[in-house]
Amino acid sequence: MANKKFWMQRFWNQYPLLALLLVASTVRVFAAWFSAGYAMHDDHFLVVEVAQSWADGQDVYQWITSTKETNTSGRSLFYPGLVAGLFWTLDQMGCHDPRTKMLILRLLQALYSVLAVYYVYKIVLHWTDERKAREAGLLLALLWLMPYISVRTLAEVVSIPPLLAATWVLLNPRYAGKWLWPLCAGLLIGVAFSLRYQTLLYGAGLG
């Protein structure tokens, strides 16, 4: 037992970022497995139901219209469209069970959300020190609702990794003075904006 504890401590000290990513991934996989069912209005009616209707060749809320004047939803089609593509692919593969499809979606979002832990660690390490970067990474990996909402189909949470990635690109001294990287940061902010329009405030702040 002592040897195991020593090995874990040594691994944590030598590879803190890798350890954080492993912890965050493990907790989020458990969250994905045990988070089945309805949670909030947004993740079900504004993403899942819409996406499945598109995968079925329908349009449950008539968000896709011929002119912008008749589309009064005010919603971005990007994220539901990505989910619809996944559902359509699974349907073509013979996977029609909604519970299985949602589990696969939650597992994919669990792995995707780990990117937020990576970029938070990098950003905090850039501004402070190793100890604070580890603490920030642990907070994001484990704190309260973070693992749970990271696997839900919430556009406001899905938009976090590209915003953090854009922030790190702008802060990273390796990219200073190179015109291509601010352009990449702008593209990442654009992706976040396409996922959730309100992220425009974050992008404006960076600008």
# chains A, B, ... in the order shown; residues from 1 in each chain; ligands from 1
$ residues_around --residues "stretch 57-65 of chain A" --least-positions-apart "4" --cutoff "12 Å" --atoms "only C-alpha atoms" --output "list in words"
Phe45, Leu46, Val47, Val48, Glu49, Val50, Ala51, Gln52, Ser53, Glu69, Thr70, Asn71, Thr72, Ser73, Gly74, Arg75, Ser76, Leu77, Phe78, Pro80, Gly81, Ala84, Gly85, Phe87 and Trp88 of chain A
$ residues_around --residues "stretch 17-33 of chain A" --least-positions-apart "3" --cutoff "7 Å" --atoms "only C-alpha atoms" --output "short mmCIF file (atom, residue, chain, number, x, y, z; two decimals) with N, CA, C and O atoms, in the first residue's frame"
data_model
loop_
_atom_site.label_atom_id
_atom_site.label_comp_id
_atom_site.auth_asym_id
_atom_site.auth_seq_id
_atom_site.Cartn_x
_atom_site.Cartn_y
_atom_site.Cartn_z
N TRP A 12 2.26 12.00 -9.75
CA TRP A 12 1.64 13.32 -9.64
C TRP A 12 2.67 14.43 -9.70
O TRP A 12 2.46 15.47 -10.31
N ALA A 36 -27.78 9.31 -17.25
CA ALA A 36 -28.85 9.09 -18.23
C ALA A 36 -30.12 9.80 -17.81
O ALA A 36 -30.34 10.07 -16.63
N LEU A 103 -25.67 7.57 -24.59
CA LEU A 103 -24.46 7.19 -23.86
C LEU A 103 -23.22 7.48 -24.70
O LEU A 103 -22.22 8.02 -24.19
N ARG A 106 -22.67 11.22 -24.70
CA ARG A 106 -22.12 11.70 -23.42
C ARG A 106 -20.65 11.30 -23.27
O ARG A 106 -19.85 12.08 -22.74
N LEU A 107 -20.28 10.11 -23.72
CA LEU A 107 -18.88 9.69 -23.63
C LEU A 107 -17.99 10.57 -24.52
O LEU A 107 -16.88 10.95 -24.12
N ALA A 110 -17.62 13.77 -22.80
CA ALA A 110 -16.75 13.63 -21.63
C ALA A 110 -15.29 13.80 -22.03
O ALA A 110 -14.53 14.53 -21.39
N LEU A 111 -14.90 13.13 -23.11
CA LEU A 111 -13.51 13.23 -23.57
C LEU A 111 -13.20 14.63 -24.11
O LEU A 111 -12.12 15.18 -23.87
N VAL A 114 -12.45 17.35 -21.45
CA VAL A 114 -11.15 17.29 -20.77
C VAL A 114 -10.21 18.35 -21.33
O VAL A 114 -9.26 18.78 -20.65
N VAL A 117 -9.76 21.27 -19.02
CA VAL A 117 -8.80 21.07 -17.93
C VAL A 117 -7.38 21.35 -18.42
O VAL A 117 -6.57 22.00 -17.74
N TYR A 118 -7.07 20.85 -19.60
CA TYR A 118 -5.73 21.05 -20.19
C TYR A 118 -5.42 22.54 -20.33
O TYR A 118 -4.35 23.01 -19.90
N GLY A 137 -6.54 22.99 -12.04
CA GLY A 137 -6.90 21.81 -12.81
C GLY A 137 -7.77 20.85 -12.03
O GLY A 137 -8.74 20.29 -12.55
N LEU A 138 -7.45 20.66 -10.75
CA LEU A 138 -8.26 19.77 -9.91
C LEU A 138 -9.66 20.32 -9.70
O LEU A 138 -10.64 19.57 -9.68
N ALA A 141 -11.55 19.67 -12.79
CA ALA A 141 -11.74 18.24 -13.02
C ALA A 141 -12.78 17.63 -12.10
O ALA A 141 -13.53 16.74 -12.50
N LEU A 142 -12.87 18.14 -10.86
CA LEU A 142 -13.66 17.44 -9.84
C LEU A 142 -14.75 18.27 -9.18
O LEU A 142 -15.66 17.69 -8.57
N PRO A 147 -18.08 17.85 -13.59
CA PRO A 147 -18.11 16.60 -14.38
C PRO A 147 -19.49 16.31 -14.96
O PRO A 147 -19.60 15.83 -16.09
N TYR A 148 -20.54 16.62 -14.20
CA TYR A 148 -21.90 16.32 -14.65
C TYR A 148 -22.32 17.18 -15.84
O TYR A 148 -22.77 16.67 -16.87
N VAL A 151 -20.81 16.51 -19.44
CA VAL A 151 -21.26 15.43 -20.32
C VAL A 151 -22.69 15.66 -20.81
O VAL A 151 -23.22 14.85 -21.58
#
$ residues_around --residues "A:Lys122" --least-positions-apart "5" --cutoff "10 Å" --atoms "only C-alpha atoms" --output "ChimeraX atom specification"
/A:17,116-117,127,130,133-134,136-137,164-165,168,171-172
$ residues_around --residues "stretch 38-42 of chain A" --least-positions-apart "6" --cutoff "10 Å" --atoms "only C-alpha atoms" --output "ChimeraX atom specification"
/A:48,149,152-156
$ write_last_selection --atoms "all heavy atoms" --output "mmCIF file, in the first residue's frame"
data_model
loop_
_atom_site.group_PDB
_atom_site.id
_atom_site.type_symbol
_atom_site.label_atom_id
_atom_site.label_comp_id
_atom_site.auth_asym_id
_atom_site.auth_seq_id
_atom_site.Cartn_x
_atom_site.Cartn_y
_atom_site.Cartn_z
ATOM 1 N N VAL A 48 -31.166 17.606 -28.234
ATOM 2 C CA VAL A 48 -31.380 16.189 -28.518
ATOM 3 C C VAL A 48 -32.617 15.961 -29.388
ATOM 4 O O VAL A 48 -32.551 15.278 -30.417
ATOM 5 C CB VAL A 48 -31.487 15.395 -27.200
ATOM 6 C CG1 VAL A 48 -31.801 13.929 -27.497
ATOM 7 C CG2 VAL A 48 -30.191 15.508 -26.416
ATOM 8 N N ILE A 149 -22.152 18.496 -15.714
ATOM 9 C CA ILE A 149 -22.586 19.355 -16.814
ATOM 10 C C ILE A 149 -21.662 19.232 -18.019
ATOM 11 O O ILE A 149 -22.057 19.580 -19.135
ATOM 12 C CB ILE A 149 -22.691 20.831 -16.373
ATOM 13 C CG1 ILE A 149 -21.318 21.386 -15.981
ATOM 14 C CG2 ILE A 149 -23.701 20.989 -15.259
ATOM 15 C CD1 ILE A 149 -21.353 22.880 -15.705
ATOM 16 N N ARG A 152 -23.335 16.736 -20.366
ATOM 17 C CA ARG A 152 -24.673 17.053 -20.844
ATOM 18 C C ARG A 152 -24.591 17.818 -22.165
ATOM 19 O O ARG A 152 -23.565 18.401 -22.497
ATOM 20 C CB ARG A 152 -25.439 17.892 -19.816
ATOM 21 C CG ARG A 152 -25.531 17.317 -18.445
ATOM 22 C CD ARG A 152 -26.196 15.961 -18.383
ATOM 23 N NE ARG A 152 -27.536 15.929 -18.980
ATOM 24 C CZ ARG A 152 -28.376 14.903 -18.837
ATOM 25 N NH1 ARG A 152 -28.028 13.837 -18.136
ATOM 26 N NH2 ARG A 152 -29.565 14.942 -19.406
ATOM 27 N N THR A 153 -25.690 17.815 -22.908
ATOM 28 C CA THR A 153 -25.711 18.502 -24.196
ATOM 29 C C THR A 153 -26.120 19.964 -23.999
ATOM 30 O O THR A 153 -27.213 20.387 -24.378
ATOM 31 C CB THR A 153 -26.681 17.793 -25.153
ATOM 32 O OG1 THR A 153 -27.890 17.477 -24.446
ATOM 33 C CG2 THR A 153 -26.079 16.511 -25.676
ATOM 34 N N LEU A 154 -25.224 20.727 -23.404
ATOM 35 C CA LEU A 154 -25.444 22.142 -23.130
ATOM 36 C C LEU A 154 -24.485 22.971 -23.977
ATOM 37 O O LEU A 154 -23.267 22.891 -23.807
ATOM 38 C CB LEU A 154 -25.229 22.444 -21.649
ATOM 39 C CG LEU A 154 -26.201 21.759 -20.673
ATOM 40 C CD1 LEU A 154 -25.701 21.887 -19.244
ATOM 41 C CD2 LEU A 154 -27.601 22.342 -20.815
ATOM 42 N N ALA A 155 -25.030 23.773 -24.873
ATOM 43 C CA ALA A 155 -24.188 24.538 -25.792
ATOM 44 C C ALA A 155 -23.251 25.478 -25.038
ATOM 45 O O ALA A 155 -22.111 25.694 -25.460
ATOM 46 C CB ALA A 155 -25.073 25.329 -26.751
ATOM 47 N N GLU A 156 -23.711 26.029 -23.919
ATOM 48 C CA GLU A 156 -22.868 26.971 -23.178
ATOM 49 C C GLU A 156 -21.652 26.292 -22.570
ATOM 50 O O GLU A 156 -20.610 26.932 -22.356
ATOM 51 C CB GLU A 156 -23.663 27.680 -22.081
ATOM 52 C CG GLU A 156 -24.415 26.767 -21.151
ATOM 53 C CD GLU A 156 -25.835 26.487 -21.599
ATOM 54 O OE1 GLU A 156 -26.058 26.340 -22.814
ATOM 55 O OE2 GLU A 156 -26.719 26.420 -20.726
#
$ closest_residue --among "A:Ala176, A:Leu139, A:Met8, A:Leu115" --to "A:Ile160" --atoms "only C-alpha atoms"
A:Leu115
$ select_by_dssp --residues "chain A" --states "alpha helix (DSSP H)" --output "VMD selection string"
chain A and resid 2 to 14 16 to 34 41 to 43 49 to 55 78 to 92 98 to 127 130 to 142 146 to 150 155 to 158 160 to 171 180 to 195 200 to 206
$ residues_around --residues "stretch 189-194 of chain A" --least-positions-apart "4" --cutoff "7 Å" --atoms "only C-alpha atoms" --output "JSON, numbers by chain"
{"A": [76, 78, 159, 162, 163, 166, 185, 199, 200, 203]}
$ write_last_selection --atoms "C-alpha atoms" --output "short mmCIF file (atom, residue, chain, number, x, y, z; two decimals), in the first residue's frame"
data_model
loop_
_atom_site.label_atom_id
_atom_site.label_comp_id
_atom_site.auth_asym_id
_atom_site.auth_seq_id
_atom_site.Cartn_x
_atom_site.Cartn_y
_atom_site.Cartn_z
CA SER A 76 -27.70 28.41 -33.62
CA PHE A 78 -24.38 24.36 -35.51
CA SER A 159 -18.33 26.31 -26.12
CA PRO A 162 -12.54 26.59 -27.88
CA LEU A 163 -12.70 29.79 -25.80
CA ALA A 166 -8.14 30.73 -28.06
CA ALA A 185 -7.52 32.24 -32.02
CA THR A 199 -19.80 33.94 -26.16
CA LEU A 200 -19.45 37.07 -28.27
CA GLY A 203 -14.42 37.26 -27.66
#
